[in-house]
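Asker: Input work-v2.cif, format and content: mmCIF, C-alpha atoms.
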data_my_file
loop_
_atom_site.label_atom_id
_atom_site.label_comp_id
_atom_site.auth_asym_id
_atom_site.auth_seq_id
_atom_site.Cartn_x
_atom_site.Cartn_y
_atom_site.Cartn_z
CA MET A 108 87.72 164.09 123.70
CA GLN A 109 85.10 161.39 124.26
CA THR A 110 85.86 158.55 126.64
CA VAL A 111 84.04 155.25 126.90
CA LYS A 112 84.48 152.71 129.64
CA MET A 113 84.56 148.94 129.98
CA VAL A 114 84.74 147.18 133.31
CA ILE A 115 86.73 144.00 133.94
CA SER A 116 85.46 142.12 136.99
CA GLY A 117 85.88 138.72 138.58
CA ALA A 118 86.77 136.98 141.82
CA VAL A 119 90.16 137.35 143.53
CA ASN A 120 92.98 136.07 141.34
CA ALA A 121 90.73 135.61 138.30
CA GLY A 122 93.29 137.49 136.18
CA LYS A 123 91.82 140.99 135.92
CA THR A 124 95.11 142.87 136.34
CA GLU A 125 96.87 140.63 133.82
CA PHE A 126 94.01 141.02 131.34
CA ILE A 127 94.24 144.83 131.40
CA LYS A 128 98.06 144.81 131.33
CA THR A 129 98.01 142.63 128.22
CA ILE A 130 95.90 145.01 126.14
CA SER A 131 96.45 148.47 127.60
CA GLU A 132 98.57 150.96 125.65
CA ILE A 133 99.74 152.64 128.81
CA GLU A 134 101.47 151.20 131.82
CA VAL A 135 98.56 149.98 133.87
CA VAL A 136 97.80 152.20 136.79
CA SER A 137 97.37 149.71 139.56
CA THR A 138 97.05 150.38 143.24
CA GLU A 139 98.27 147.00 144.31
CA ARG A 140 99.22 146.60 147.91
CA ARG A 141 100.27 143.70 150.03
CA ALA A 142 97.14 141.81 150.86
CA SER A 143 96.18 142.00 154.48
CA ASP A 144 93.53 139.30 154.64
CA ASP A 145 93.04 135.73 153.46
CA THR A 146 93.68 136.69 149.85
CA LYS A 147 97.38 136.62 150.69
CA LEU A 148 97.06 132.86 150.71
CA ILE A 149 96.26 133.05 147.00
CA LYS A 150 98.76 135.62 145.85
CA LYS A 151 101.23 137.89 147.54
CA GLU A 152 99.89 141.07 146.05
CA THR A 153 96.25 141.52 145.18
CA THR A 154 94.25 144.46 143.87
CA VAL A 155 92.84 146.50 146.72
CA ALA A 156 91.64 149.50 144.77
CA MET A 157 91.53 149.17 141.02
CA ASP A 158 93.45 148.78 137.78
CA PHE A 159 93.20 151.27 135.00
CA GLY A 160 94.20 150.81 131.37
CA ARG A 161 93.69 152.87 128.25
CA ILE A 162 93.39 152.33 124.51
CA ALA A 163 93.31 155.35 122.18
CA ILE A 164 90.72 154.78 119.48
CA GLY A 165 91.47 158.04 117.64
CA ASP A 166 92.23 161.67 118.34
CA ASP A 167 88.76 162.21 119.71
CA LEU A 168 87.94 158.88 121.38
CA VAL A 169 89.54 156.85 124.17
CA LEU A 170 88.56 153.50 125.67
CA HIS A 171 89.21 153.14 129.39
CA LEU A 172 89.44 149.74 131.05
CA PHE A 173 88.71 149.51 134.76
CA GLY A 174 89.44 146.43 136.83
CA THR A 175 87.31 146.00 139.93
CA PRO A 176 88.82 145.02 143.26
CA GLY A 177 88.24 141.35 143.94
CA GLN A 178 87.68 141.33 147.68
CA LYS A 179 84.17 141.55 149.10
CA ARG A 180 85.03 144.48 151.36
CA PHE A 181 85.46 146.65 148.27
CA ASP A 182 82.02 145.86 146.83
CA PHE A 183 81.02 149.50 147.20
CA MET A 184 83.51 150.34 144.44
CA TRP A 185 81.69 148.16 141.92
CA GLU A 186 78.69 150.43 141.72
CA ILE A 187 80.86 153.51 141.26
CA LEU A 188 82.95 151.83 138.58
CA SER A 189 79.96 150.48 136.70
CA GLU A 190 78.29 153.87 136.22
CA GLY A 191 78.16 154.65 132.53
CA MET A 192 80.05 151.57 131.44
CA LEU A 193 79.65 150.39 127.88
CA GLY A 194 79.97 146.76 128.84
CA LEU A 195 81.43 144.27 131.24
CA VAL A 196 83.88 141.37 131.06
CA ILE A 197 83.61 138.89 133.91
CA LEU A 198 86.74 136.79 134.24
CA VAL A 199 86.57 133.34 135.77
CA ASP A 200 89.54 131.28 136.89
CA SER A 201 88.60 128.10 135.02
CA THR A 202 90.86 125.97 137.20
CA ARG A 203 89.26 126.90 140.55
CA PRO A 204 85.64 125.76 141.00
CA GLU A 205 85.78 127.17 144.53
CA THR A 206 85.47 130.64 142.94
CA PHE A 207 82.34 129.87 140.90
CA ARG A 208 79.94 130.90 143.67
CA GLU A 209 81.72 134.22 144.06
CA THR A 210 81.58 134.66 140.30
CA ASN A 211 77.83 134.13 140.38
CA ARG A 212 77.57 136.74 143.12
CA ILE A 213 79.45 139.21 140.93
CA ILE A 214 77.28 138.45 137.90
CA ASP A 215 74.22 138.86 140.08
CA PHE A 216 75.41 142.25 141.31
CA PHE A 217 76.10 143.69 137.89
CA ILE A 218 73.29 142.08 135.94
CA SER A 219 70.26 141.66 138.18
CA TYR A 220 69.04 145.20 138.19
CA ARG A 221 70.15 146.66 134.90
CA ASP A 222 70.51 145.81 131.29
CA THR A 223 74.29 145.47 130.98
CA PRO A 224 76.01 143.97 127.95
CA TYR A 225 78.48 141.42 129.25
CA VAL A 226 80.54 138.37 128.37
CA ILE A 227 82.24 135.74 130.50
CA ALA A 228 85.94 135.12 129.88
CA ALA A 229 86.94 131.57 130.83
CA ASN A 230 90.46 132.48 131.90
CA LYS A 231 93.49 130.21 132.38
CA GLN A 232 92.48 127.90 129.55
CA ASP A 233 96.20 127.27 129.08
CA LYS A 234 96.40 125.56 132.48
CA PRO A 235 95.88 121.84 133.15
CA ASN A 236 92.46 120.90 134.53
CA ALA A 237 90.83 124.09 133.26
CA TRP A 238 87.07 123.67 132.92
CA SER A 239 86.05 124.30 129.32
CA PRO A 240 83.85 127.30 128.42
CA GLU A 241 80.85 125.01 127.93
CA GLU A 242 81.43 123.36 131.31
CA LEU A 243 81.66 126.81 132.89
CA ARG A 244 78.40 127.80 131.24
CA LEU A 245 76.70 124.86 132.96
CA ALA A 246 78.50 125.38 136.26
CA LEU A 247 77.52 129.05 136.37
CA ARG A 248 74.05 128.31 134.92
CA LEU A 249 74.36 130.90 132.22
CA PRO A 250 71.66 131.16 129.56
CA PRO A 251 72.59 130.17 125.99
CA HIS A 252 72.68 133.75 124.67
CA ILE A 253 75.51 134.78 127.03
CA LYS A 254 78.92 134.36 125.43
CA VAL A 255 81.47 132.31 127.36
CA LEU A 256 84.80 132.90 125.63
CA PRO A 257 88.08 131.02 126.09
CA CYS A 258 90.84 133.21 127.47
CA ALA A 259 94.41 133.28 128.74
CA ALA A 260 94.85 136.76 130.18
CA ASN A 261 98.52 136.89 129.19
CA ASP A 262 97.72 136.15 125.54
CA ARG A 263 97.07 139.36 123.60
CA GLU A 264 95.10 137.68 120.82
CA MET A 265 92.76 135.94 123.26
CA VAL A 266 92.23 139.15 125.22
CA LYS A 267 91.43 140.92 121.96
CA ASP A 268 88.92 138.20 121.08
CA VAL A 269 87.18 138.64 124.43
CA LEU A 270 86.89 142.40 123.94
CA LEU A 271 85.68 141.91 120.37
CA GLY A 272 83.11 139.41 121.66
CA LEU A 273 81.84 142.01 124.10
CA LEU A 274 81.81 144.70 121.41
CA ASP A 275 79.72 142.41 119.24
CA VAL A 276 77.13 142.21 122.03
CA ILE A 277 77.24 146.00 122.45
CA MET A 278 76.89 146.47 118.69
CA GLN A 279 73.72 144.39 118.60
CA ARG A 280 72.00 146.78 120.97
CA SER A 281 73.47 150.06 119.76
CA ASP A 282 71.62 152.74 117.79
CA ASP A 283 72.01 153.37 114.08
CA MET B 788 90.91 116.49 130.79
CA ALA B 789 89.52 115.77 134.26
CA LEU B 790 87.27 118.18 136.16
CA VAL B 791 88.54 118.45 139.72
CA GLY B 792 87.34 120.27 142.80
CA ASN B 793 85.74 119.84 146.20
CA ILE B 794 82.01 119.40 146.85
CA ARG B 795 82.34 121.95 149.65
CA ASP B 796 82.77 124.56 146.90
CA PHE B 797 80.81 123.03 144.05
CA GLY B 798 78.06 120.84 145.45
CA LEU B 799 77.17 117.35 144.36
CA SER B 800 73.75 118.45 143.08
CA ASP B 801 75.42 121.22 141.05
CA PHE B 802 77.78 118.66 139.57
CA LEU B 803 74.90 116.33 138.73
CA TYR B 804 73.19 119.22 136.95
CA LEU B 805 76.36 119.79 134.90
CA VAL B 806 76.58 116.10 134.02
CA ASP B 807 72.94 116.05 133.00
CA ARG B 808 72.91 119.24 130.91
CA GLY B 809 76.31 118.49 129.40
CA TYR B 810 75.26 114.91 128.46
CA LYS B 811 78.50 113.79 130.06
CA THR B 812 79.81 110.24 129.89
CA GLY B 813 82.42 109.28 132.45
CA CYS B 814 83.03 108.60 136.11
CA LEU B 815 82.75 110.97 139.06
CA HIS B 816 85.19 109.85 141.76
CA LEU B 817 84.57 111.21 145.26
CA ASN B 818 86.91 110.86 148.24
CA ARG B 819 86.49 111.90 151.84
CA LEU B 820 88.64 110.58 154.68
CA ASP B 821 88.50 106.77 154.37
CA ASP B 822 85.34 106.84 152.29
CA SER B 823 85.09 106.90 148.52
CA ALA B 824 82.53 106.53 145.77
CA SER B 825 82.47 106.26 142.01
CA LEU B 826 79.42 107.27 139.96
CA TYR B 827 79.34 106.26 136.31
CA PHE B 828 77.28 108.23 133.80
CA ASP B 829 76.31 107.61 130.24
CA ARG B 830 75.16 110.70 128.31
CA GLY B 831 74.14 112.48 131.46
CA LYS B 832 72.33 109.62 133.18
CA LEU B 833 73.55 107.46 136.05
CA ILE B 834 74.22 103.83 135.10
CA THR B 835 75.96 102.48 138.20
CA ALA B 836 77.70 103.51 141.39
CA THR B 837 80.09 101.88 143.80
CA ARG B 838 81.30 102.73 147.30
CA ASN B 839 84.74 102.16 148.75
CA SER B 840 86.13 100.52 145.61
CA ASP B 841 83.62 97.68 145.83
CA ARG B 842 84.17 95.70 142.62
CA SER B 843 81.29 93.23 143.06
CA THR B 844 79.77 91.99 139.83
CA VAL B 845 76.06 92.20 139.18
CA ILE B 846 75.90 88.43 139.79
CA GLU B 847 77.55 88.68 143.21
CA LEU B 848 75.13 91.45 144.10
CA LEU B 849 72.07 89.49 143.00
CA VAL B 850 73.25 86.33 144.76
CA GLY B 851 73.84 88.39 147.90
CA LYS B 852 70.29 89.71 147.72
CA GLY B 853 68.81 86.27 147.10
CA LYS B 854 67.69 87.07 143.54
CA LEU B 855 69.92 84.40 141.97
CA ASN B 856 71.27 81.18 143.45
CA GLU B 857 74.99 80.56 143.39
CA SER B 858 74.99 77.85 140.74
CA GLU B 859 72.89 79.98 138.36
CA GLY B 860 75.30 82.81 138.97
CA ARG B 861 78.41 80.72 138.34
CA GLU B 862 76.91 79.30 135.14
CA ALA B 863 75.87 82.74 133.84
CA LEU B 864 79.29 84.21 134.57
CA SER B 865 81.05 81.29 132.91
CA VAL B 866 78.97 81.67 129.73
CA TYR B 867 79.47 85.43 129.79
CA GLN B 868 83.24 85.24 130.19
CA ARG B 869 83.48 83.17 127.01
CA ASN B 870 81.66 85.60 124.72
CA GLY B 871 80.48 88.68 126.63
CA SER B 872 80.69 92.00 124.84
CA HIS B 873 77.67 93.79 126.35
CA PRO B 874 76.89 94.57 129.98
CA LEU B 875 76.36 91.39 131.98
CA SER B 876 73.11 92.86 133.36
CA LEU B 877 71.54 92.72 129.91
CA LYS B 878 72.72 89.14 129.37
CA LEU B 879 70.99 88.07 132.58
CA ILE B 880 67.71 89.45 131.23
CA GLU B 881 68.24 87.80 127.83
CA SER B 882 68.91 84.49 129.57
CA ASN B 883 65.66 84.85 131.56
CA LEU B 884 67.53 84.54 134.84
CA ILE B 885 65.78 87.68 136.07
CA SER B 886 63.12 89.96 134.62
CA HIS B 887 63.96 93.41 133.30
CA ASP B 888 61.74 95.13 135.87
CA GLU B 889 63.03 93.11 138.81
CA LEU B 890 66.66 93.73 137.87
CA GLN B 891 65.98 97.46 137.42
CA ARG B 892 64.25 97.65 140.80
CA VAL B 893 67.02 95.81 142.69
CA LEU B 894 69.90 97.69 141.07
CA GLN B 895 68.20 101.08 141.31
CA GLN B 896 67.57 100.60 145.01
CA HIS B 897 71.16 99.48 145.58
CA ILE B 898 72.65 102.34 143.58
CA GLU B 899 70.38 105.02 145.06
CA GLU B 900 71.42 103.97 148.55
CA SER B 901 75.06 104.36 147.51
CA VAL B 902 74.45 107.84 146.12
CA TYR B 903 72.03 109.42 148.60
CA ILE B 904 74.46 109.17 151.48
CA LEU B 905 76.92 111.28 149.49
CA PHE B 906 74.61 114.30 149.73
CA GLY B 907 75.38 114.34 153.45
CA TRP B 908 79.09 114.86 152.88
CA PRO B 909 80.02 118.41 153.88
CA GLU B 910 83.17 118.21 151.80
CA GLY B 911 85.12 115.79 149.67
CA ASP B 912 87.41 115.90 146.67
CA PHE B 913 85.89 115.10 143.32
CA ARG B 914 87.42 114.18 140.01
CA PHE B 915 85.39 113.58 136.88
CA GLU B 916 87.16 111.40 134.32
CA GLN B 917 85.55 111.89 130.94
CA ASN B 918 84.58 108.74 129.03
CA GLN B 919 85.68 106.37 131.80
CA ARG B 920 83.27 103.44 131.80
CA PRO B 921 82.49 100.71 134.36
CA GLU B 922 83.49 97.11 133.80
CA LEU B 923 80.86 95.22 131.83
CA THR B 924 80.29 92.85 134.76
CA ALA B 925 79.40 95.75 137.12
CA PRO B 926 75.81 96.20 138.31
CA ILE B 927 74.78 98.41 135.41
CA MET B 928 71.10 99.37 135.38
CA PRO B 929 69.13 98.30 132.30
CA VAL B 930 67.57 101.77 132.20
CA PRO B 931 69.90 104.63 133.22
CA LEU B 932 68.60 106.85 136.01
CA PRO B 933 67.83 110.54 135.31
CA VAL B 934 69.79 112.71 137.71
CA GLU B 935 66.86 115.06 138.50
CA HIS B 936 65.47 112.20 140.53
CA LEU B 937 68.71 111.98 142.52
CA ILE B 938 68.97 115.75 142.93
CA MET B 939 65.47 116.01 144.42
CA GLU B 940 66.14 113.20 146.87
CA GLY B 941 69.52 114.64 147.75
CA VAL B 942 68.06 118.07 148.39
CA ARG B 943 65.47 116.55 150.75
CA ARG B 944 68.43 115.67 152.96
CA ILE B 945 69.82 119.18 153.18
CA ASP B 946 69.35 120.56 156.67
CA GLU B 947 71.33 123.79 156.61
CA TRP B 948 70.74 127.21 155.09
CA GLY B 949 74.26 127.81 153.82
CA ARG B 950 74.05 125.96 150.54
CA ILE B 951 70.49 127.12 149.86
CA LYS B 952 71.38 130.77 150.37
CA ASP B 953 73.96 130.60 147.61
CA ARG B 954 71.12 130.30 145.15
CA ILE B 955 68.25 131.84 147.09
CA PRO B 956 69.63 134.80 149.04
CA ASN B 957 66.29 135.91 150.50
CA THR B 958 62.60 135.07 150.63
CA ASP B 959 61.56 138.15 148.63
CA MET B 960 62.60 136.42 145.44
CA ILE B 961 59.95 135.45 142.90
CA VAL B 962 59.70 131.88 141.64
CA LYS B 963 58.75 131.10 138.07
CA PHE B 964 58.79 128.02 135.90
CA ILE B 965 61.48 127.97 133.25
CA ASP B 966 60.13 128.47 129.76
CA GLN B 967 60.84 124.99 128.42
CA PRO B 968 61.30 122.37 131.12
CA GLY B 969 61.03 119.71 128.39
CA ASP B 970 61.31 116.19 129.75
CA LYS B 971 62.90 117.35 132.97
CA ALA B 972 59.69 117.26 134.99
CA LYS B 973 58.82 113.73 133.90
CA GLY B 974 61.50 111.92 135.91
CA ILE B 975 60.64 113.58 139.19
CA ASN B 976 58.38 112.26 141.90
CA LEU B 977 57.22 114.92 144.31
CA ALA B 978 56.30 114.49 147.95
CA ALA B 979 53.06 116.05 149.21
CA ASP B 980 54.74 119.20 150.58
CA GLU B 981 56.64 119.60 147.35
CA TRP B 982 53.41 119.44 145.38
CA ARG B 983 51.92 122.12 147.65
CA VAL B 984 54.78 124.46 146.82
CA PHE B 985 54.86 123.44 143.15
CA ALA B 986 51.18 124.31 142.78
CA ARG B 987 51.74 127.80 144.18
CA ILE B 988 54.43 128.81 141.69
CA ASN B 989 52.93 131.47 139.44
CA GLY B 990 55.74 133.89 138.55
CA LYS B 991 54.23 136.52 140.86
CA ASP B 992 54.38 135.19 144.41
CA SER B 993 57.57 135.48 146.40
CA LEU B 994 58.97 132.64 148.49
CA ALA B 995 57.62 134.41 151.57
CA ASP B 996 54.16 134.56 149.94
CA ILE B 997 54.28 130.84 149.18
CA ALA B 998 55.37 130.05 152.75
CA ARG B 999 52.44 132.06 154.09
CA LYS B 1000 49.89 130.50 151.74
CA THR B 1001 51.05 126.94 152.41
CA ASN B 1002 51.57 127.41 156.17
CA MET B 1003 55.08 126.11 155.76
CA THR B 1004 58.29 127.56 157.18
CA ASP B 1005 60.53 129.78 155.04
CA PHE B 1006 63.26 127.17 155.33
CA ASP B 1007 61.09 124.34 154.06
CA VAL B 1008 59.81 126.38 151.12
CA CYS B 1009 63.31 127.53 150.22
CA ARG B 1010 64.70 124.01 150.49
CA ILE B 1011 61.98 122.66 148.21
CA VAL B 1012 62.41 125.47 145.68
CA TYR B 1013 66.18 124.96 145.84
CA GLY B 1014 65.53 121.39 144.70
CA PHE B 1015 63.36 122.56 141.79
CA LEU B 1016 66.02 125.12 140.93
CA THR B 1017 68.86 122.63 141.02
CA ALA B 1018 66.87 120.18 138.92
CA GLY B 1019 66.36 122.94 136.34
CA LEU B 1020 62.59 123.26 136.70
CA VAL B 1021 62.27 126.82 137.98
CA ASP B 1022 64.10 130.08 138.13
CA VAL B 1023 64.17 132.64 140.94
CA LEU B 1024 64.18 136.35 140.23
CA ARG B 1025 64.64 139.46 142.27
CA GLN B 1026 61.52 141.49 142.88
CA ALA B 1027 62.36 145.12 142.17
CA PRO B 1028 65.45 147.14 141.49
CA PRO B 1029 67.16 148.53 144.56
CA VAL B 1030 68.14 152.13 145.03
CA GLY B 1031 71.76 152.97 144.37
CA ILE B 1032 74.19 155.22 146.20
CA GLY B 1033 72.62 158.52 147.24
CA GLY B 1034 69.10 157.26 146.61
CA ARG B 1035 69.51 157.07 142.82
CA ALA B 1036 68.27 154.12 140.80
CA ILE B 1037 71.05 152.13 139.12
CA PRO B 1038 71.08 153.16 135.44
CA ASP B 1039 71.32 150.80 132.48
CA ALA B 1040 74.41 150.88 130.28
CA PRO B 1041 74.32 153.91 127.96
CA ARG B 1042 73.18 153.32 124.38
CA VAL B 1043 75.82 154.26 121.86
CA LYS B 1044 75.91 154.62 118.11
CA LYS B 1045 76.96 151.72 115.91
CA SER B 1046 79.57 153.92 114.25
CA LEU B 1047 81.32 154.45 117.58
CA VAL B 1048 81.32 150.72 118.33
CA SER B 1049 82.68 150.02 114.84
CA ARG B 1050 85.58 152.38 115.45
CA ILE B 1051 86.50 150.57 118.67
CA ILE B 1052 86.21 147.18 116.96
CA ASN B 1053 88.47 148.27 114.12
CA ARG B 1054 91.01 149.68 116.52
CA ILE B 1055 91.18 146.52 118.63
CA ARG B 1056 91.36 144.29 115.55
CA GLY B 1057 94.33 146.33 114.37
CA MET B 1058 96.27 146.10 117.63
#
Just give me the structure of the file as structure tokens.

Answerer:
Amino acid sequence: MQTVKMVISGAVNAGKTEFIKTISEIEVVSTERRASDDTKLIKKETTVAMDFGRIAIGDDLVLHLFGTPGQKRFDFMWEILSEGMLGLVILVDSTRPETFRETNRIIDFFISYRDTPYVIAANKQDKPNAWSPEELRLALRLPPHIKVLPCAANDREMVKDVLLGLLDVIMQRSDD
Amino acid sequence: MALVGNIRDFGLSDFLYLVDRGYKTGCLHLNRLDDSASLYFDRGKLITATRNSDRSTVIELLVGKGKLNESEGREALSVYQRNGSHPLSLKLIESNLISHDELQRVLQQHIEESVYILFGWPEGDFRFEQNQRPELTAPIMPVPLPVEHLIMEGVRRIDEWGRIKDRIPNTDMIVKFIDQPGDKAKGINLAADEWRVFARINGKDSLADIARKTNMTDFDVCRIVYGFLTAGLVDVLRQAPPVGIGGRAIPDAPRVKKSLVSRIINRIRGM
């Protein structure tokens, strides 16, 4: 059985857990605990270890989805999770510009030193005052070739479109 | 839909960059304590600005600055109110009450003074209302002002590392010009120290190298480069890949076969 891995990252409360829950075929394995630091001001429970979802592609191939912990003190997990990943989705809460700097830090971590296929998912597009994908591109200073895709993490079709967008990027650099 | 936030989290110069690159038209409203400001943009360029809900017309402003006398002002406003459909500023030029260059100079100076002080705000709520336009009698500049000019001046007023470090985490980073600065460089006037740094940018030297070669402090070099970066003139890059956990280099993503990717695509499409 071959397994391939995609990583779903983003700042605290960007929607990573919801994103994986929406598309995973199995009950998401999530080690959520009551937050013990300032993240509890944002939501009562936040991811302190990781989320894990799974999609069977066939009898011999499985896609694993890993959500990274949002808080800075778990940065060390990012490097472990990103080993051997096929690609990366970075979720942004489009309604909270106060998280854009943290998002840039996450992009910088994953992208600066290696050639990683990735897309940005502009999450919470269903909420009022969400910044549009093009506004997010400018706010995050992303180059034109990076896809910024509209997303609502609880909408299965939008989550599928984000993953398909990432797979398109991976396809362009894959071998014949 | 309005863009809302706080300049503590998303700085004024970052917002100006977004307005410029997004060719935005509308009004940026800023509020802090008892202070407020409204900056109006047309296709990414600043056309006027007001502080504390000041609704003075361009005539009141010019009379206040001694550029028009009161009777000329009253007459011009009376004529304008009967058939005005364009900005009053332009009508004043057409009526030869003031020259184009003089009006531009007076309004630009007035508006810049309103805006520059905003760069000193440590925080403040902002709200950008798309397509909101100023009243036609407002002091609208004949030639809209490119925001790079404002960004550079605003950055000259930054006196703390915090904001700079968001974009320039350390002085080992390499500075290079962006591939196609286009017209961006044209609207910018550089001070002598800024030219010294500008001339040292070669895509090879780090910020620390530039500081050493120009005999400037790391802070001053970083502040100046931060301005270039915010105005979209340069990019900063990390020098060399770090070593990962256990002394290993961080590997690139594995290359996979197209057939495998196709299978995943088909599976997800079918879900």

Asker: Could you please select, counting all atoms listed in the file, the residues of chain A within 9 Å of chain B and state them as a count of residues only?

Answerer: 54

Asker: Between atom CA of B:Phe906 and atom CA of B:Ala824, what is the distance, to one decimal in Å?

Answerer: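 Separation of atom CA of B:Phe906 and atom CA of B:Ala824: 11.8 Å.
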
Asker: Within 6 Å of stretch 817-820 of chain B, counting all atoms listed in the file, which residues show up once you throw out same-chain ones fewer than 3 positions away? Write them as a list in words, please.

Answerer: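 Counting only the stated atoms, we get Ser823, Ala824, Gly911, Asp912 and Phe913 of chain B.
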
Asker: Measuring between only C-alpha atoms, which one of A:Asp233, A:Asp166, A:Asp262, A:Asp200 shows the shortest distance to A:Thr110?

Answerer: A:Asp166

Asker: What is the distance between atom CA of B:Ile951 and atom CA of B:Gln917, in Å to one decimal?

Answerer: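 Atom CA of B:Ile951 sits 28.6 Å away from atom CA of B:Gln917.
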
Asker: Please measure the separation of atom CA of B:Ser993 and atom CA of B:Asn957, giving the value in Å to one decimal.

Answerer: 9.6 Å

Asker: Give me the result of the PyMOL selection byres ((chain B and resi 935) around 7) on this file, residue by residue, as number ranges by chain.

Answerer: B: 933-934, 936-939, 974-975, 1018

Asker: Output C-alpha atoms of each residue in that selection to a file, as a CSV table (one decimal), in the frame of the given file.

Answerer:
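To be explicit, this is the file written out as out.csv:
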chain,number,residue,atom,x,y,z
B,933,PRO,CA,67.8,110.5,135.3
B,934,VAL,CA,69.8,112.7,137.7
B,936,HIS,CA,65.5,112.2,140.5
B,937,LEU,CA,68.7,112.0,142.5
B,938,ILE,CA,69.0,115.8,142.9
B,939,MET,CA,65.5,116.0,144.4
B,974,GLY,CA,61.5,111.9,135.9
B,975,ILE,CA,60.6,113.6,139.2
B,1018,ALA,CA,66.9,120.2,138.9

Asker: Restricting the calculation to all atoms listed in the file, which member of A:Leu249, A:Ala260, A:Leu243, A:Leu172 is positioned closest to A:Asn120?

Answerer: A:Ala260

Asker: With a distance cut-off of 10 Å and only C-alpha atoms, select the neighbouring residues of B:Glu899, excluding the residue or stretch itself and same-chain residues fewer than 2 positions from it, and output the selection as a list in words.

Answerer: Leu833, Thr835, Ala836, Leu894, Gln895, Gln896, His897, Ser901, Val902, Tyr903, Ile904, Leu932, His936, Leu937 and Glu940 of chain B

Asker: Can you tell me, as JSON, numbers by chain, which residues sit within 12 Å of (77.4, 106.2, 132.1) in the file's frame, using only C-alpha atoms?

Answerer: {"B": [806, 807, 810, 811, 812, 813, 814, 815, 825, 826, 827, 828, 829, 830, 831, 832, 833, 834, 835, 836, 874, 915, 916, 917, 918, 919, 920, 921, 922, 923, 925, 926, 927, 928, 929, 930, 931, 932, 933, 934]}

Asker: Evaluated on this file, the PyMOL selection byres ((chain B and resi 854-863) around 9) picks out some residues - which ones are they, written as JSON, numbers by chain?

Answerer: {"B": [846, 847, 848, 849, 850, 851, 852, 853, 864, 865, 866, 867, 868, 875, 878, 879, 882, 884, 885, 889, 890, 893]}

Asker: Convert the output of the PyMOL selection byres ((chain B and resi 997) around 12) on the shown file into explicit residues, formatted as an mmCIF file with C-alpha atoms, keeping the file's coordinate frame.

Answerer:
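Final output, saved to expr.cif:
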data_model
loop_
_atom_site.group_PDB
_atom_site.id
_atom_site.type_symbol
_atom_site.label_atom_id
_atom_site.label_comp_id
_atom_site.auth_asym_id
_atom_site.auth_seq_id
_atom_site.Cartn_x
_atom_site.Cartn_y
_atom_site.Cartn_z
ATOM 1 C CA THR B 958 62.600 135.070 150.630
ATOM 2 C CA ASP B 959 61.560 138.150 148.630
ATOM 3 C CA MET B 960 62.600 136.420 145.440
ATOM 4 C CA ILE B 961 59.950 135.450 142.900
ATOM 5 C CA VAL B 962 59.700 131.880 141.640
ATOM 6 C CA LYS B 963 58.750 131.100 138.070
ATOM 7 C CA ASP B 980 54.740 119.200 150.580
ATOM 8 C CA GLU B 981 56.640 119.600 147.350
ATOM 9 C CA ARG B 983 51.920 122.120 147.650
ATOM 10 C CA VAL B 984 54.780 124.460 146.820
ATOM 11 C CA PHE B 985 54.860 123.440 143.150
ATOM 12 C CA ALA B 986 51.180 124.310 142.780
ATOM 13 C CA ARG B 987 51.740 127.800 144.180
ATOM 14 C CA ILE B 988 54.430 128.810 141.690
ATOM 15 C CA ASN B 989 52.930 131.470 139.440
ATOM 16 C CA GLY B 990 55.740 133.890 138.550
ATOM 17 C CA LYS B 991 54.230 136.520 140.860
ATOM 18 C CA ASP B 992 54.380 135.190 144.410
ATOM 19 C CA SER B 993 57.570 135.480 146.400
ATOM 20 C CA LEU B 994 58.970 132.640 148.490
ATOM 21 C CA ALA B 995 57.620 134.410 151.570
ATOM 22 C CA ASP B 996 54.160 134.560 149.940
ATOM 23 C CA ALA B 998 55.370 130.050 152.750
ATOM 24 C CA ARG B 999 52.440 132.060 154.090
ATOM 25 C CA LYS B 1000 49.890 130.500 151.740
ATOM 26 C CA THR B 1001 51.050 126.940 152.410
ATOM 27 C CA ASN B 1002 51.570 127.410 156.170
ATOM 28 C CA MET B 1003 55.080 126.110 155.760
ATOM 29 C CA THR B 1004 58.290 127.560 157.180
ATOM 30 C CA ASP B 1005 60.530 129.780 155.040
ATOM 31 C CA PHE B 1006 63.260 127.170 155.330
ATOM 32 C CA ASP B 1007 61.090 124.340 154.060
ATOM 33 C CA VAL B 1008 59.810 126.380 151.120
ATOM 34 C CA CYS B 1009 63.310 127.530 150.220
ATOM 35 C CA ILE B 1011 61.980 122.660 148.210
ATOM 36 C CA VAL B 1012 62.410 125.470 145.680
#

Asker: Considering all atoms listed in the file, can you say which of A:Ala121, A:His171, A:Tyr225, A:Glu209 comes closest to A:Ala259?

Answerer: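 Counting all atoms listed in the file, the residue closest to A:Ala259 is A:Ala121.
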
Asker: Counting only C-alpha atoms, write as a PyMOL selection string all protein and nucleic acid residues lying at most 7 Å from (95.5, 153.9, 131.6) in the file's frame.

Answerer: chain A and resi 131+133-136+159-161+171

Asker: With C-alpha atoms retained, could you export that selection as a PDB file, keeping the file's coordinate frame?

Answerer:
ATOM      1  CA  SER A 131      96.450 148.470 127.600  1.00  0.00           C
ATOM      2  CA  ILE A 133      99.740 152.640 128.810  1.00  0.00           C
ATOM      3  CA  GLU A 134     101.470 151.200 131.820  1.00  0.00           C
ATOM      4  CA  VAL A 135      98.560 149.980 133.870  1.00  0.00           C
ATOM      5  CA  VAL A 136      97.800 152.200 136.790  1.00  0.00           C
ATOM      6  CA  PHE A 159      93.200 151.270 135.000  1.00  0.00           C
ATOM      7  CA  GLY A 160      94.200 150.810 131.370  1.00  0.00           C
ATOM      8  CA  ARG A 161      93.690 152.870 128.250  1.00  0.00           C
ATOM      9  CA  HIS A 171      89.210 153.140 129.390  1.00  0.00           C
TER      10      HIS A 171
END
